[in-house]
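Okay, so here's the structure we're looking at.
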Amino acid sequence: QVQLVESGGGLVQVGGSLRLSCEYFGRNFRFHNYAWFRQVPGKQRELLATIASGGSTNYRQSASGRFVISRDNTKKMVFLQMNDLKPEDTATYYCNGPNSVFPWGQGTQVTVSS
């Protein structure tokens, strides 16, 4: 059973940066594609960025130009570098496969203050 544990969130001012981490517990990390999502209470979970097993990346418009997804197959971790943060980036952030194939972790809360 795969377990995903997100960390790195916190309170940051507008224009600041955060680096989120997602640690994967289980086997076959390097064979999977991964994604970062975020969710605001009362709204659907939003896909932000994906990274394939080979390292290619794709971004949704809300993340393009400010967020960078990366992975470290040796450490079995996925990262999301977030720059130039805005109040509308306030949400709980999650990692998973692009098709949500794994059990969801607890997420990590990001709060951007103006």
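Quick note on naming: the chains in the structure tokens go A, B, ... in the order shown, residues restart at 1 in each chain, and ligands are numbered from 1 in order of appearance.
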
Margin query: What parts of range 16-53 of chain A does DSSP call strand (DSSP E)? I'd like the answer as JSON, numbers by chain.
Written below: {"A": [18, 19, 20, 21, 22, 23, 24, 25, 34, 35, 36, 37, 38, 39, 46, 47, 48, 49, 50, 51]}

Residue contacts of Leu4 in chain A (8 Å, only C-alpha atoms) excluding same-chain residues fewer than 4 positions away, as an mmCIF file with all heavy atoms, in the first residue's frame:
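Result went into around_8.cif, see below:
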data_model
loop_
_atom_site.group_PDB
_atom_site.id
_atom_site.type_symbol
_atom_site.label_atom_id
_atom_site.label_comp_id
_atom_site.auth_asym_id
_atom_site.auth_seq_id
_atom_site.Cartn_x
_atom_site.Cartn_y
_atom_site.Cartn_z
ATOM 1 N N CYS A 22 6.771 15.984 -1.144
ATOM 2 C CA CYS A 22 5.879 14.825 -1.049
ATOM 3 C C CYS A 22 6.748 13.581 -0.976
ATOM 4 O O CYS A 22 7.495 13.291 -1.921
ATOM 5 C CB CYS A 22 4.960 14.768 -2.255
ATOM 6 S SG CYS A 22 3.951 13.280 -2.372
ATOM 7 N N GLU A 23 6.669 12.899 0.133
ATOM 8 C CA GLU A 23 7.450 11.680 0.314
ATOM 9 C C GLU A 23 6.584 10.465 0.035
ATOM 10 O O GLU A 23 5.453 10.368 0.529
ATOM 11 C CB GLU A 23 8.039 11.616 1.723
ATOM 12 C CG GLU A 23 9.043 10.487 1.896
ATOM 13 C CD GLU A 23 9.853 10.598 3.182
ATOM 14 O OE1 GLU A 23 9.531 11.464 4.019
ATOM 15 O OE2 GLU A 23 10.814 9.821 3.339
ATOM 16 N N TYR A 24 7.120 9.558 -0.740
ATOM 17 C CA TYR A 24 6.405 8.362 -1.184
ATOM 18 C C TYR A 24 6.897 7.170 -0.384
ATOM 19 O O TYR A 24 8.103 6.901 -0.337
ATOM 20 C CB TYR A 24 6.682 8.181 -2.666
ATOM 21 C CG TYR A 24 6.164 6.947 -3.346
ATOM 22 C CD1 TYR A 24 5.069 7.026 -4.199
ATOM 23 C CD2 TYR A 24 6.793 5.713 -3.215
ATOM 24 C CE1 TYR A 24 4.604 5.915 -4.888
ATOM 25 C CE2 TYR A 24 6.341 4.597 -3.890
ATOM 26 C CZ TYR A 24 5.251 4.709 -4.726
ATOM 27 O OH TYR A 24 4.796 3.603 -5.403
ATOM 28 N N PHE A 25 5.985 6.466 0.247
ATOM 29 C CA PHE A 25 6.316 5.251 0.976
ATOM 30 C C PHE A 25 5.697 4.094 0.218
ATOM 31 O O PHE A 25 4.474 3.998 0.091
ATOM 32 C CB PHE A 25 5.784 5.332 2.407
ATOM 33 C CG PHE A 25 6.461 6.388 3.230
ATOM 34 C CD1 PHE A 25 5.941 7.664 3.297
ATOM 35 C CD2 PHE A 25 7.623 6.101 3.932
ATOM 36 C CE1 PHE A 25 6.563 8.651 4.043
ATOM 37 C CE2 PHE A 25 8.247 7.076 4.681
ATOM 38 C CZ PHE A 25 7.716 8.357 4.743
ATOM 39 N N CYS A 95 -0.189 15.780 -3.199
ATOM 40 C CA CYS A 95 0.405 15.105 -4.343
ATOM 41 C C CYS A 95 -0.302 13.762 -4.531
ATOM 42 O O CYS A 95 -0.909 13.216 -3.603
ATOM 43 C CB CYS A 95 1.904 14.898 -4.165
ATOM 44 S SG CYS A 95 2.367 13.815 -2.825
ATOM 45 N N ASN A 96 -0.234 13.242 -5.738
ATOM 46 C CA ASN A 96 -0.830 11.961 -6.085
ATOM 47 C C ASN A 96 -0.411 11.637 -7.501
ATOM 48 O O ASN A 96 0.359 12.374 -8.129
ATOM 49 C CB ASN A 96 -2.369 12.039 -5.996
ATOM 50 C CG ASN A 96 -2.990 10.704 -5.680
ATOM 51 O OD1 ASN A 96 -2.655 9.686 -6.301
ATOM 52 N ND2 ASN A 96 -3.882 10.682 -4.708
ATOM 53 N N PHE A 102 -3.398 6.778 -6.048
ATOM 54 C CA PHE A 102 -2.952 6.426 -4.698
ATOM 55 C C PHE A 102 -3.922 6.965 -3.652
ATOM 56 O O PHE A 102 -4.676 7.900 -3.929
ATOM 57 C CB PHE A 102 -1.562 7.009 -4.436
ATOM 58 C CG PHE A 102 -0.527 6.630 -5.451
ATOM 59 C CD1 PHE A 102 0.121 7.585 -6.216
ATOM 60 C CD2 PHE A 102 -0.193 5.292 -5.646
ATOM 61 C CE1 PHE A 102 1.070 7.237 -7.157
ATOM 62 C CE2 PHE A 102 0.751 4.929 -6.591
ATOM 63 C CZ PHE A 102 1.388 5.904 -7.342
ATOM 64 N N PRO A 103 -3.884 6.407 -2.428
ATOM 65 C CA PRO A 103 -4.670 7.022 -1.346
ATOM 66 C C PRO A 103 -4.178 8.446 -1.100
ATOM 67 O O PRO A 103 -2.969 8.716 -1.133
ATOM 68 C CB PRO A 103 -4.372 6.114 -0.140
ATOM 69 C CG PRO A 103 -3.921 4.826 -0.735
ATOM 70 C CD PRO A 103 -3.192 5.169 -1.991
ATOM 71 N N TRP A 104 -5.117 9.352 -0.840
ATOM 72 C CA TRP A 104 -4.725 10.738 -0.608
ATOM 73 C C TRP A 104 -4.036 10.877 0.752
ATOM 74 O O TRP A 104 -4.429 10.264 1.738
ATOM 75 C CB TRP A 104 -5.959 11.636 -0.639
ATOM 76 C CG TRP A 104 -6.535 11.781 -2.016
ATOM 77 C CD1 TRP A 104 -7.592 11.099 -2.539
ATOM 78 C CD2 TRP A 104 -6.050 12.645 -3.050
ATOM 79 N NE1 TRP A 104 -7.805 11.490 -3.840
ATOM 80 C CE2 TRP A 104 -6.876 12.442 -4.179
ATOM 81 C CE3 TRP A 104 -5.023 13.575 -3.136
ATOM 82 C CZ2 TRP A 104 -6.693 13.138 -5.387
ATOM 83 C CZ3 TRP A 104 -4.841 14.267 -4.329
ATOM 84 C CH2 TRP A 104 -5.673 14.034 -5.428
ATOM 85 N N GLY A 105 -3.006 11.722 0.773
ATOM 86 C CA GLY A 105 -2.362 12.056 2.032
ATOM 87 C C GLY A 105 -3.148 13.131 2.759
ATOM 88 O O GLY A 105 -4.256 13.491 2.359
#

Which residues are close to Gly54 in chain A, i.e. within 12 Å by only C-alpha atoms, leaving aside same-chain residues fewer than 3 positions away? Reply as an mmCIF file with all heavy atoms, in the first residue's frame.
data_model
loop_
_atom_site.group_PDB
_atom_site.id
_atom_site.type_symbol
_atom_site.label_atom_id
_atom_site.label_comp_id
_atom_site.auth_asym_id
_atom_site.auth_seq_id
_atom_site.Cartn_x
_atom_site.Cartn_y
_atom_site.Cartn_z
ATOM 1 N N PHE A 29 8.481 3.632 -7.012
ATOM 2 C CA PHE A 29 8.302 5.080 -7.157
ATOM 3 C C PHE A 29 8.677 5.546 -8.552
ATOM 4 O O PHE A 29 7.941 6.322 -9.176
ATOM 5 C CB PHE A 29 9.146 5.809 -6.115
ATOM 6 C CG PHE A 29 9.184 7.302 -6.303
ATOM 7 C CD1 PHE A 29 8.205 8.094 -5.719
ATOM 8 C CD2 PHE A 29 10.189 7.917 -7.044
ATOM 9 C CE1 PHE A 29 8.228 9.475 -5.882
ATOM 10 C CE2 PHE A 29 10.212 9.291 -7.216
ATOM 11 C CZ PHE A 29 9.232 10.066 -6.632
ATOM 12 N N ARG A 30 9.825 5.093 -9.060
ATOM 13 C CA ARG A 30 10.368 5.681 -10.288
ATOM 14 C C ARG A 30 9.562 5.338 -11.532
ATOM 15 O O ARG A 30 9.742 5.960 -12.576
ATOM 16 C CB ARG A 30 11.817 5.240 -10.483
ATOM 17 C CG ARG A 30 12.002 3.743 -10.629
ATOM 18 C CD ARG A 30 13.466 3.388 -10.517
ATOM 19 N NE ARG A 30 13.707 1.961 -10.600
ATOM 20 C CZ ARG A 30 14.101 1.346 -11.692
ATOM 21 N NH1 ARG A 30 14.296 2.049 -12.796
ATOM 22 N NH2 ARG A 30 14.309 0.044 -11.690
ATOM 23 N N PHE A 31 8.656 4.409 -11.436
ATOM 24 C CA PHE A 31 7.869 4.023 -12.600
ATOM 25 C C PHE A 31 6.601 4.855 -12.773
ATOM 26 O O PHE A 31 5.944 4.768 -13.808
ATOM 27 C CB PHE A 31 7.487 2.549 -12.507
ATOM 28 C CG PHE A 31 8.668 1.631 -12.529
ATOM 29 C CD1 PHE A 31 8.937 0.797 -11.446
ATOM 30 C CD2 PHE A 31 9.513 1.578 -13.613
ATOM 31 C CE1 PHE A 31 10.034 -0.047 -11.456
ATOM 32 C CE2 PHE A 31 10.607 0.729 -13.639
ATOM 33 C CZ PHE A 31 10.869 -0.085 -12.553
ATOM 34 N N HIS A 32 6.257 5.627 -11.753
ATOM 35 C CA HIS A 32 4.979 6.335 -11.766
ATOM 36 C C HIS A 32 5.119 7.790 -12.197
ATOM 37 O O HIS A 32 6.171 8.399 -12.051
ATOM 38 C CB HIS A 32 4.348 6.325 -10.375
ATOM 39 C CG HIS A 32 3.964 4.954 -9.912
ATOM 40 N ND1 HIS A 32 3.013 4.190 -10.541
ATOM 41 C CD2 HIS A 32 4.401 4.226 -8.857
ATOM 42 C CE1 HIS A 32 2.884 3.046 -9.902
ATOM 43 N NE2 HIS A 32 3.717 3.040 -8.880
ATOM 44 N N ASN A 33 4.018 8.310 -12.721
ATOM 45 C CA ASN A 33 3.873 9.748 -12.937
ATOM 46 C C ASN A 33 3.249 10.349 -11.678
ATOM 47 O O ASN A 33 2.497 9.671 -10.966
ATOM 48 C CB ASN A 33 2.965 10.036 -14.137
ATOM 49 C CG ASN A 33 3.459 9.376 -15.396
ATOM 50 O OD1 ASN A 33 4.654 9.193 -15.606
ATOM 51 N ND2 ASN A 33 2.522 8.993 -16.259
ATOM 52 N N TYR A 34 3.526 11.647 -11.450
ATOM 53 C CA TYR A 34 3.004 12.301 -10.249
ATOM 54 C C TYR A 34 2.430 13.661 -10.595
ATOM 55 O O TYR A 34 2.703 14.225 -11.672
ATOM 56 C CB TYR A 34 4.106 12.450 -9.186
ATOM 57 C CG TYR A 34 4.610 11.107 -8.726
ATOM 58 C CD1 TYR A 34 5.723 10.519 -9.306
ATOM 59 C CD2 TYR A 34 3.914 10.394 -7.743
ATOM 60 C CE1 TYR A 34 6.143 9.263 -8.924
ATOM 61 C CE2 TYR A 34 4.339 9.137 -7.356
ATOM 62 C CZ TYR A 34 5.453 8.571 -7.946
ATOM 63 O OH TYR A 34 5.862 7.318 -7.570
ATOM 64 N N THR A 50 2.024 18.214 -13.485
ATOM 65 C CA THR A 50 2.341 16.794 -13.535
ATOM 66 C C THR A 50 3.795 16.598 -13.935
ATOM 67 O O THR A 50 4.380 17.454 -14.621
ATOM 68 C CB THR A 50 1.449 16.050 -14.544
ATOM 69 O OG1 THR A 50 1.694 16.580 -15.850
ATOM 70 C CG2 THR A 50 -0.027 16.198 -14.205
ATOM 71 N N ILE A 51 4.352 15.461 -13.511
ATOM 72 C CA ILE A 51 5.703 15.096 -13.921
ATOM 73 C C ILE A 51 5.691 13.612 -14.253
ATOM 74 O O ILE A 51 5.209 12.786 -13.460
ATOM 75 C CB ILE A 51 6.753 15.459 -12.848
ATOM 76 C CG1 ILE A 51 8.162 15.183 -13.373
ATOM 77 C CG2 ILE A 51 6.495 14.742 -11.525
ATOM 78 C CD1 ILE A 51 9.260 15.853 -12.542
ATOM 79 N N THR A 57 7.399 17.543 -17.829
ATOM 80 C CA THR A 57 6.454 18.235 -16.960
ATOM 81 C C THR A 57 5.369 18.924 -17.774
ATOM 82 O O THR A 57 5.538 19.221 -18.960
ATOM 83 C CB THR A 57 7.170 19.285 -16.098
ATOM 84 O OG1 THR A 57 7.835 20.219 -16.962
ATOM 85 C CG2 THR A 57 8.189 18.628 -15.189
ATOM 86 N N SER A 70 9.180 18.926 -9.630
ATOM 87 C CA SER A 70 10.379 18.126 -9.852
ATOM 88 C C SER A 70 10.287 16.850 -9.037
ATOM 89 O O SER A 70 9.383 16.701 -8.205
ATOM 90 C CB SER A 70 11.645 18.923 -9.473
ATOM 91 O OG SER A 70 11.625 19.282 -8.102
ATOM 92 N N ARG A 71 11.215 15.947 -9.261
ATOM 93 C CA ARG A 71 11.209 14.674 -8.547
ATOM 94 C C ARG A 71 12.627 14.224 -8.291
ATOM 95 O O ARG A 71 13.552 14.583 -9.034
ATOM 96 C CB ARG A 71 10.440 13.618 -9.338
ATOM 97 C CG ARG A 71 11.060 13.272 -10.686
ATOM 98 C CD ARG A 71 10.114 12.403 -11.520
ATOM 99 N NE ARG A 71 9.988 11.057 -10.951
ATOM 100 C CZ ARG A 71 9.000 10.224 -11.275
ATOM 101 N NH1 ARG A 71 8.047 10.595 -12.115
ATOM 102 N NH2 ARG A 71 8.964 9.018 -10.742
ATOM 103 N N ASP A 72 12.786 13.412 -7.256
ATOM 104 C CA ASP A 72 14.065 12.798 -6.927
ATOM 105 C C ASP A 72 13.800 11.312 -6.741
ATOM 106 O O ASP A 72 13.261 10.894 -5.706
ATOM 107 C CB ASP A 72 14.638 13.425 -5.657
ATOM 108 C CG ASP A 72 16.039 12.927 -5.335
ATOM 109 O OD1 ASP A 72 16.340 11.747 -5.617
ATOM 110 O OD2 ASP A 72 16.827 13.698 -4.774
ATOM 111 N N ASN A 73 14.148 10.528 -7.743
ATOM 112 C CA ASN A 73 13.845 9.093 -7.691
ATOM 113 C C ASN A 73 14.637 8.383 -6.606
ATOM 114 O O ASN A 73 14.179 7.373 -6.064
ATOM 115 C CB ASN A 73 14.119 8.454 -9.045
ATOM 116 C CG ASN A 73 13.089 8.864 -10.093
ATOM 117 O OD1 ASN A 73 12.013 9.355 -9.763
ATOM 118 N ND2 ASN A 73 13.424 8.671 -11.363
#

Notebook entry, point to check: Near Ser113 in chain A, within 10 Å and counting only C-alpha atoms, which residues show up once chain neighbours fewer than 4 positions away are dropped, as number ranges by chain?
Noted result: A: 11-16, 85-90

Check: In Å to one decimal, how far is CA of Val68 in chain A from CA of Leu48 in chain A?
Finding: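 Here the two named atoms are 9.9 Å from each other.
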
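Here the question is which of A:Arg27, A:Lys43, A:Arg38, A:Lys76 gets nearest to Ala63 in chain A using only C-alpha atoms, and that residue is A:Arg38.
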
Item checked: Closest of A:Ala91, A:Met82, A:Val110, A:Val2 to Asn28 in chain A - atom-to-atom distances counting only C-alpha atoms -> A:Val2

Notebook entry, point to check: So which one's closest to Gln106 in chain A, A:Tyr94, A:Gln44, A:Arg19, A:Gln61? Using only C-alpha atoms, please.
Noted result: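 Closest residue, counting only C-alpha atoms: A:Tyr94.
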
Next item on the list: Quote the spacing between CA of Val5 in chain A and CA of Ser114 in chain A in Å to one decimal place.
Entry: 28.2 Å

Margin query: Report as an MDAnalysis selection string all protein, DNA and RNA residues lying within 12 Å of Arg60 in chain A, evaluated on only C-alpha atoms, omitting residues in the same chain fewer than 5 positions from it.
Written below: chainID A and resid 35:38 46:50 65:69

Find the residues near Ser21 in chain A: any atom within 7 Å, counting only C-alpha atoms, skip ones fewer than 2 places away on the same chain, and give them as an mmCIF file with C-alpha atoms, in the first residue's frame.
data_model
loop_
_atom_site.group_PDB
_atom_site.id
_atom_site.type_symbol
_atom_site.label_atom_id
_atom_site.label_comp_id
_atom_site.auth_asym_id
_atom_site.auth_seq_id
_atom_site.Cartn_x
_atom_site.Cartn_y
_atom_site.Cartn_z
ATOM 1 C CA GLU A 6 3.124 16.127 2.044
ATOM 2 C CA SER A 7 5.043 18.826 3.908
ATOM 3 C CA GLY A 8 6.520 22.281 3.500
ATOM 4 C CA ARG A 19 8.886 24.525 -1.583
ATOM 5 C CA GLU A 23 7.450 11.680 0.314
ATOM 6 C CA MET A 77 10.143 12.434 -3.376
ATOM 7 C CA VAL A 78 8.225 14.916 -5.497
ATOM 8 C CA PHE A 79 8.567 18.675 -5.045
ATOM 9 C CA LEU A 80 6.649 21.795 -5.944
#

Item checked: helix (DSSP H, G or I) per DSSP on the backbone: members of chain A, as a list in words ->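 Those residues are Phe29, Arg30, Phe31, Pro87, Glu88 and Asp89 of chain A.
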
Can you write just those residues out, N, CA, C and O atoms, as a PDB file, in the first residue's frame?
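Final output, saved to result_22.pdb:
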ATOM      1  N   PHE A  29       8.481   3.632  -7.012  1.00  0.00           N
ATOM      2  CA  PHE A  29       8.302   5.080  -7.157  1.00  0.00           C
ATOM      3  C   PHE A  29       8.677   5.546  -8.552  1.00  0.00           C
ATOM      4  O   PHE A  29       7.941   6.322  -9.176  1.00  0.00           O
ATOM      5  N   ARG A  30       9.825   5.093  -9.060  1.00  0.00           N
ATOM      6  CA  ARG A  30      10.368   5.681 -10.288  1.00  0.00           C
ATOM      7  C   ARG A  30       9.562   5.338 -11.532  1.00  0.00           C
ATOM      8  O   ARG A  30       9.742   5.960 -12.576  1.00  0.00           O
ATOM      9  N   PHE A  31       8.656   4.409 -11.436  1.00  0.00           N
ATOM     10  CA  PHE A  31       7.869   4.023 -12.600  1.00  0.00           C
ATOM     11  C   PHE A  31       6.601   4.855 -12.773  1.00  0.00           C
ATOM     12  O   PHE A  31       5.944   4.768 -13.808  1.00  0.00           O
ATOM     13  N   PRO A  87      -2.570  35.658  -2.885  1.00  0.00           N
ATOM     14  CA  PRO A  87      -3.598  35.220  -1.926  1.00  0.00           C
ATOM     15  C   PRO A  87      -4.461  34.084  -2.466  1.00  0.00           C
ATOM     16  O   PRO A  87      -4.867  33.204  -1.696  1.00  0.00           O
ATOM     17  N   GLU A  88      -4.707  34.069  -3.762  1.00  0.00           N
ATOM     18  CA  GLU A  88      -5.543  33.009  -4.343  1.00  0.00           C
ATOM     19  C   GLU A  88      -4.846  31.654  -4.385  1.00  0.00           C
ATOM     20  O   GLU A  88      -5.461  30.646  -4.732  1.00  0.00           O
ATOM     21  N   ASP A  89      -3.560  31.607  -4.022  1.00  0.00           N
ATOM     22  CA  ASP A  89      -2.856  30.329  -3.906  1.00  0.00           C
ATOM     23  C   ASP A  89      -3.113  29.663  -2.551  1.00  0.00           C
ATOM     24  O   ASP A  89      -2.677  28.531  -2.331  1.00  0.00           O
TER      25      ASP A  89
END
